[in-house]
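Text of coords_25.txt, listed as compact mmCIF, C-alpha atoms:
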```txt
# COMPACT_ATOMS: atom_id res chain seq x y z
CA MET A 1 0.00 0.00 0.00
CA LEU A 2 1.43 3.38 -1.03
CA GLU A 3 1.94 5.58 2.02
CA LEU A 4 2.49 8.89 0.22
CA ASP A 5 0.04 11.69 1.00
CA PHE A 6 1.71 14.29 -1.26
CA ILE A 7 1.32 12.39 -4.56
CA SER A 8 -1.40 10.02 -5.72
CA ARG A 9 -0.63 6.36 -6.31
CA GLU A 10 -1.73 6.73 -9.93
CA ASP A 11 0.58 9.68 -10.57
CA PHE A 12 3.51 7.99 -8.86
CA LYS A 13 3.01 4.76 -10.78
CA ASN A 14 2.66 6.60 -14.10
CA HIS A 15 5.84 8.55 -13.41
CA VAL A 16 7.79 5.40 -12.53
CA ALA A 17 6.43 3.74 -15.69
CA ASN A 18 7.55 6.69 -17.80
CA THR A 19 11.01 6.48 -16.22
CA ILE A 20 11.23 2.77 -17.01
CA LYS A 21 10.32 3.56 -20.64
CA THR A 22 13.50 5.63 -20.89
CA TYR A 23 15.37 2.36 -20.28
CA ASP A 24 13.99 0.91 -23.52
CA ASN A 25 17.04 1.70 -25.65
CA THR A 26 19.38 0.06 -23.15
CA LEU A 27 17.33 -3.14 -23.24
CA LYS A 28 18.12 -3.55 -26.92
CA SER A 29 21.02 -5.63 -28.16
CA ILE A 30 24.33 -3.78 -28.50
CA ASP A 31 26.20 -4.67 -31.68
CA LEU A 32 29.88 -4.09 -32.43
CA GLN A 33 29.29 -0.84 -34.32
CA SER A 34 27.36 0.66 -31.40
CA PHE A 35 29.83 -0.72 -28.86
CA ASN A 36 32.72 0.92 -30.70
CA SER A 37 30.95 4.19 -31.58
CA ASN A 38 33.44 6.16 -29.49
CA ILE A 39 36.34 3.77 -30.28
CA ILE A 40 36.97 1.35 -27.43
CA ASP A 41 40.46 1.52 -25.92
CA PRO A 42 41.96 -1.99 -26.19
CA ILE A 43 44.97 -0.99 -24.08
CA LYS A 44 42.73 -0.13 -21.13
CA LEU A 45 40.80 -3.37 -21.60
CA THR A 46 44.13 -5.25 -21.61
CA PHE A 47 45.08 -3.74 -18.26
CA ASP A 48 41.59 -4.39 -16.87
CA SER A 49 41.73 -8.01 -17.97
CA LYS A 50 45.20 -8.72 -16.59
CA VAL A 51 45.06 -6.68 -13.37
CA TYR A 52 41.59 -7.89 -12.34
CA ARG A 53 42.32 -11.43 -13.60
CA LYS A 54 39.25 -11.51 -15.81
CA SER A 55 38.85 -12.91 -19.28
CA ILE A 56 38.64 -10.37 -22.08
CA GLU A 57 35.04 -11.50 -22.60
CA GLU A 58 34.23 -10.62 -18.98
CA VAL A 59 35.87 -7.22 -19.37
CA ILE A 60 33.80 -6.56 -22.49
CA GLU A 61 30.63 -7.53 -20.62
CA ASN A 62 31.60 -5.04 -17.89
CA GLU A 63 32.12 -2.34 -20.53
CA LEU A 64 28.67 -3.07 -21.93
CA VAL A 65 27.20 -2.63 -18.46
CA ARG A 66 29.12 0.66 -18.09
CA GLN A 67 27.78 1.95 -21.39
CA ARG A 68 24.22 1.10 -20.39
CA ASP A 69 24.74 2.64 -16.95
CA LYS A 70 25.92 5.91 -18.50
CA THR A 71 22.72 6.11 -20.53
CA ASN A 72 20.52 5.18 -17.58
CA THR A 73 21.97 7.99 -15.47
CA ASN A 74 19.85 10.32 -17.60
CA ALA A 75 16.79 8.23 -16.79
CA ILE A 76 17.39 8.66 -13.06
CA GLY A 77 17.77 12.41 -13.56
CA TYR A 78 14.41 12.38 -15.33
CA PHE A 79 12.86 10.49 -12.41
CA HIS A 80 14.02 12.90 -9.72
CA GLN A 81 13.29 16.12 -11.58
CA ASN A 82 9.94 15.30 -13.14
CA LEU A 83 8.42 13.75 -10.04
CA PHE A 84 7.92 17.31 -8.82
CA LYS A 85 5.39 17.86 -11.61
CA TYR A 86 2.93 15.99 -9.41
CA ILE A 87 3.67 17.77 -6.14
CA LYS A 88 1.59 20.75 -5.09
CA ASN A 89 3.05 24.20 -5.77
CA CYS A 90 5.96 22.78 -7.78
CA GLU A 91 6.61 23.14 -11.49
CA VAL A 92 9.22 21.73 -13.85
CA PRO A 93 10.05 24.34 -16.49
CA GLN A 94 10.91 23.41 -20.08
CA ALA A 95 14.20 25.30 -19.74
CA GLY A 96 16.24 27.07 -17.10
CA PHE A 97 16.02 25.84 -13.53
CA ASP A 98 15.08 22.21 -12.92
CA VAL A 99 12.28 22.87 -10.44
CA ILE A 100 10.49 25.99 -9.18
CA TYR A 101 8.63 25.79 -5.86
CA THR A 102 6.19 28.50 -4.84
CA LYS A 103 6.01 28.80 -1.06
CA PRO A 104 2.75 29.55 0.80
CA ASP A 105 3.80 33.21 1.16
CA GLY A 106 4.18 33.51 -2.63
CA SER A 107 7.97 33.59 -2.70
CA LYS A 108 9.79 31.17 -4.96
CA ILE A 109 12.65 28.71 -4.68
CA TYR A 110 14.59 28.06 -7.88
CA VAL A 111 16.27 24.66 -7.91
CA GLU A 112 19.25 23.25 -9.75
CA MET A 113 19.25 19.49 -9.15
CA LYS A 114 22.31 17.22 -9.20
CA ASN A 115 22.39 13.47 -8.70
CA LYS A 116 25.65 13.37 -6.73
CA HIS A 117 27.52 15.90 -4.62
CA ASN A 118 30.69 15.47 -6.71
CA THR A 119 29.25 15.79 -10.23
CA MET A 120 30.21 19.45 -10.66
CA ASN A 121 33.76 20.66 -11.16
CA SER A 122 34.81 24.11 -10.00
CA SER A 123 33.97 25.73 -13.34
CA SER A 124 30.49 24.20 -13.40
CA SER A 125 29.92 25.19 -9.76
CA GLN A 126 30.91 28.79 -10.47
CA LYS A 127 28.64 28.98 -13.51
CA THR A 128 25.68 27.58 -11.56
CA TYR A 129 26.34 29.90 -8.63
CA MET A 130 26.54 32.97 -10.87
CA ARG A 131 23.20 32.04 -12.46
CA MET A 132 21.65 31.75 -9.01
CA LEU A 133 23.23 35.03 -7.92
CA ASN A 134 21.75 36.74 -10.96
CA GLN A 135 18.33 35.26 -10.12
CA ILE A 136 18.26 36.59 -6.56
CA LEU A 137 19.51 39.99 -7.71
CA THR A 138 16.74 40.33 -10.30
CA GLU A 139 13.97 38.89 -8.11
CA ASP A 140 13.85 40.13 -4.53
CA ASN A 141 11.40 37.58 -3.15
CA CYS A 142 13.17 34.33 -3.99
CA ASN A 143 15.88 31.87 -2.98
CA CYS A 144 17.98 29.44 -4.99
CA TYR A 145 18.86 25.87 -4.01
CA LEU A 146 21.45 23.43 -5.26
CA VAL A 147 19.59 20.20 -4.44
CA GLU A 148 21.72 17.05 -4.31
CA ILE A 149 20.12 13.61 -4.45
CA ILE A 150 23.19 11.87 -3.02
CA ALA A 151 24.76 14.46 -0.74
CA LYS A 152 27.51 13.85 1.79
CA ARG A 153 24.92 14.26 4.53
CA SER A 154 21.40 15.49 5.19
CA GLN A 155 21.72 19.27 5.11
CA ASN A 156 20.26 22.68 4.36
CA ILE A 157 23.20 25.09 4.44
CA THR A 158 24.41 28.26 2.79
CA TRP A 159 26.33 27.37 -0.36
CA ALA A 160 29.81 28.88 -0.55
CA VAL A 161 31.99 28.76 -3.67
CA SER A 162 35.33 30.18 -4.76
CA LEU A 163 35.13 32.96 -7.35
CA ASP A 164 38.48 34.35 -8.50
CA SER A 165 40.12 32.82 -5.42
CA ASP A 166 37.65 34.54 -3.08
CA ARG A 167 35.19 32.55 -0.97
CA VAL A 168 31.69 33.84 -1.76
CA SER A 169 28.38 33.06 -0.08
CA ASN A 170 24.86 34.44 0.17
CA ASP A 171 22.20 33.36 2.67
CA ARG A 172 19.63 33.15 -0.14
CA ILE A 173 21.64 30.53 -2.05
CA LYS A 174 21.53 27.15 -0.33
CA ARG A 175 23.02 23.69 -0.74
CA VAL A 176 20.31 21.23 0.21
CA SER A 177 20.04 17.43 0.32
CA ILE A 178 16.98 15.98 -1.39
CA ASP A 179 15.35 14.86 1.88
CA LYS A 180 15.40 18.43 3.21
CA PHE A 181 13.94 19.79 -0.02
CA TYR A 182 11.12 17.27 0.07
CA GLU A 183 10.49 18.22 3.67
CA GLU A 184 10.17 21.87 2.68
CA VAL A 185 7.78 21.29 -0.24
CA THR A 186 5.60 18.62 1.43
CA GLY A 187 5.84 19.46 5.13
CA ASN A 188 6.75 15.82 5.80
CA LYS A 189 10.32 15.25 7.01
CA ASN A 190 10.13 11.59 5.91
CA ALA A 191 8.79 12.30 2.42
CA PHE A 192 11.91 11.20 0.53
CA TYR A 193 12.23 8.10 2.74
CA LEU A 194 8.64 7.16 1.90
CA ILE A 195 9.33 7.55 -1.84
CA CYS A 196 12.34 5.24 -1.56
CA LYS A 197 10.27 2.77 0.47
CA ALA A 198 7.44 2.70 -2.08
CA LEU A 199 9.63 2.59 -5.18
CA PRO A 200 10.67 -1.12 -5.28
CA THR A 201 7.06 -2.30 -4.97
CA ILE A 202 5.87 0.01 -7.75
CA VAL A 203 8.75 -0.97 -10.06
CA ASP A 204 8.02 -4.69 -9.49
CA GLU A 205 4.36 -4.10 -10.20
CA ILE A 206 5.05 -2.31 -13.49
CA ILE A 207 7.58 -4.90 -14.67
CA SER A 208 5.18 -7.75 -13.83
CA GLU A 209 2.58 -6.03 -16.01
CA ASN A 210 5.06 -5.88 -18.88
CA SER A 211 6.26 -9.47 -19.15
CA GLY A 212 7.93 -8.83 -22.49
CA MET A 213 10.47 -6.49 -20.93
CA SER A 214 13.90 -8.10 -21.08
CA VAL A 215 17.47 -7.36 -22.07
CA GLU A 216 18.27 -8.57 -25.58
CA LYS A 217 21.43 -10.61 -26.11
CA ASP A 218 24.40 -8.51 -27.22
CA SER A 219 26.32 -9.52 -30.34
CA VAL A 220 29.63 -7.76 -29.62
CA ILE A 221 31.73 -10.78 -28.65
CA GLU A 222 30.42 -12.92 -31.50
CA GLU A 223 31.18 -10.17 -34.03
CA LEU A 224 34.69 -9.73 -32.63
CA LYS A 225 35.31 -13.47 -32.95
CA GLU A 226 34.18 -13.34 -36.56
CA LYS A 227 36.94 -10.80 -37.21
CA ASN A 228 39.53 -12.84 -35.33
CA PRO A 229 39.15 -15.84 -32.98
CA ASP A 230 41.46 -14.04 -30.54
CA VAL A 231 39.03 -11.47 -29.10
CA LEU A 232 41.73 -9.24 -27.63
CA LYS A 233 43.60 -9.17 -30.92
CA SER A 234 40.34 -8.37 -32.67
CA LEU A 235 39.88 -5.35 -30.37
CA TYR A 236 43.37 -4.08 -31.24
CA LEU A 237 42.73 -4.49 -34.95
CA LEU A 238 39.42 -2.69 -34.56
CA ALA A 239 40.99 0.35 -32.90
CA PHE A 240 44.28 0.49 -34.79
CA SER A 241 43.42 -0.86 -38.25
CA THR A 242 45.16 2.04 -40.02
CA TYR A 243 48.22 2.11 -37.72
CA GLU A 244 51.60 0.83 -38.87
CA GLY A 245 52.05 -2.84 -38.07
CA PHE A 246 48.32 -3.37 -37.56
CA LYS A 247 47.10 -2.46 -41.03
CA GLU A 248 49.10 -5.31 -42.56
CA GLU A 249 47.18 -7.82 -40.42
CA CYS A 250 43.91 -6.28 -41.55
CA GLU A 251 44.71 -6.67 -45.23
```
Take the structure in the file and write it out as C-alpha cells.
Amino acid sequence: MLELDFISREDFKNHVANTIKTYDNTLKSIDLQSFNSNIIDPIKLTFDSKVYRKSIEEVIENELVRQRDKTNTNAIGYFHQNLFKYIKNCEVPQAGFDVIYTKPDGSKIYVEMKNKHNTMNSSSSQKTYMRMLNQILTEDNCNCYLVEIIAKRSQNITWAVSLDSDRVSNDRIKRVSIDKFYEEVTGNKNAFYLICKALPTIVDEIISENSGMSVEKDSVIEELKEKNPDVLKSLYLLAFSTYEGFKEECE
C-alpha cells in the first residue's frame, strides 16, 4: 500500500512507468558498431583483464554494463526532476532551472538538481552559482537551491563557492540534500524516505505487467570473434586498423 500523502498512487506509478520507458534503448542488443561508436580503448581493456584477472570477454561484458549505466543515469535524472510535476506548488520548467517551488507566502525557490555531490567541477559550480546570484539579484522575493540527491549528509546550508580565489556566499543561495527539499515542499520530514520505500514495490508491479520487458542478447563478442578468434587481438585491430604494423594484419 502506497503511504504517500503528497502524490497520488496513480501519478507515482505513471511517473515510474515513464522512467522505465526511458530504459527501452538500453534493453536492446548492442552490436559491435554501437559498442565501438566512441572507439573502445583496447589498451585499457588489456590492463583491466590482466590486473583484475578476468577474461577479455568478462571485461567486455563489464564495458557493456558501463555503457548502459551511463545512458541510464539520464533516466534517473528524469525520475528525480519530473516527479515534482505531481507535487503541489511545484513546477518543472521546459528550460532554465530544474524545479520551481512557490512557497505559501508567494515567494519562490529556484532549484538546480544534481544526482551526486561530486558531479560538478569548480567551473560548473561557479557557472551555476553565478546564475543563481543573478536570479536573486533580479527577483527580490526568492531563494535558490542546489539540491543534491546523493549528498555527503542530510543538510540545508548556505552554499559557498570560490570565485576568482575569493570565498563567496549568500544566505539566499543554499546547498540542500533531497530529503530536506522534500520536507520543505511537502511538510513531511520523511517524504523522501517514503518515496524510496514505495519505489521497489511500484517498479516490481510495473515490470510484472510488462512481461515482455527483457534485455536482448548482445552480439559484440560474436562479431569480434568473426573478425579474429582471438578477441583481444580483434579489439586491437578494430581500434588500430590504419596504424603501422596493424594495417598489414587487416589486409
Note to self: Could you list, as a VMD selection string, every residue within 10 Å of range 168-179 of chain A, counting all atoms listed in the file and ignoring same-chain residues fewer than 6 positions away?
What the structure shows: chain A and resid 80 109 to 117 129 132 to 133 135 to 136 141 to 162 188 to 193
Margin query: One decimal, in Å: what's the spacing between CA of Phe181 in chain A and CA of Pro200 in chain A?
Written below: 21.8 Å
Margin query: Give me the residues near range 218-228 of chain A as number ranges by chain, where near means some atom within 9 Å (using all atoms listed in the file) and where sequence neighbours in that chain fewer than 5 positions away do not count.
Written below: A: 28-35, 57, 60-61, 64, 233-235, 237-238
Next item on the list: Extract, using only C-alpha atoms, all DNA, RNA and protein residues at most 9 Å from Thr46 in chain A, discarding same-chain residues fewer than 5 positions from it, and format them as a list in words.
Entry: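 Those residues are Asp41, Val51, Ile56, Val59 and Leu232 of chain A.
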Check: In Å, how far is it from CA of Ser8 in chain A to CA of Gly212 in chain A?
Finding: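 One can read the CA of Ser8 in chain A to CA of Gly212 in chain A distance as 26.9 Å.
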Margin query: Report as a PyMOL selection string all protein, DNA and RNA residues lying within 10 Å of Ile76 in chain A, evaluated on only C-alpha atoms, omitting residues in the same chain fewer than 5 positions from it.
Written below: chain A and resi 19-20+22-23+71+81-82+115
Checklist line | From A:Ile195, A:Leu83, A:Ser123, A:Pro104, residue lying nearest Asn14 in chain A [only C-alpha atoms] | finding: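 Of the candidates, the smallest distance to Asn14 in chain A is held by A:Leu83.
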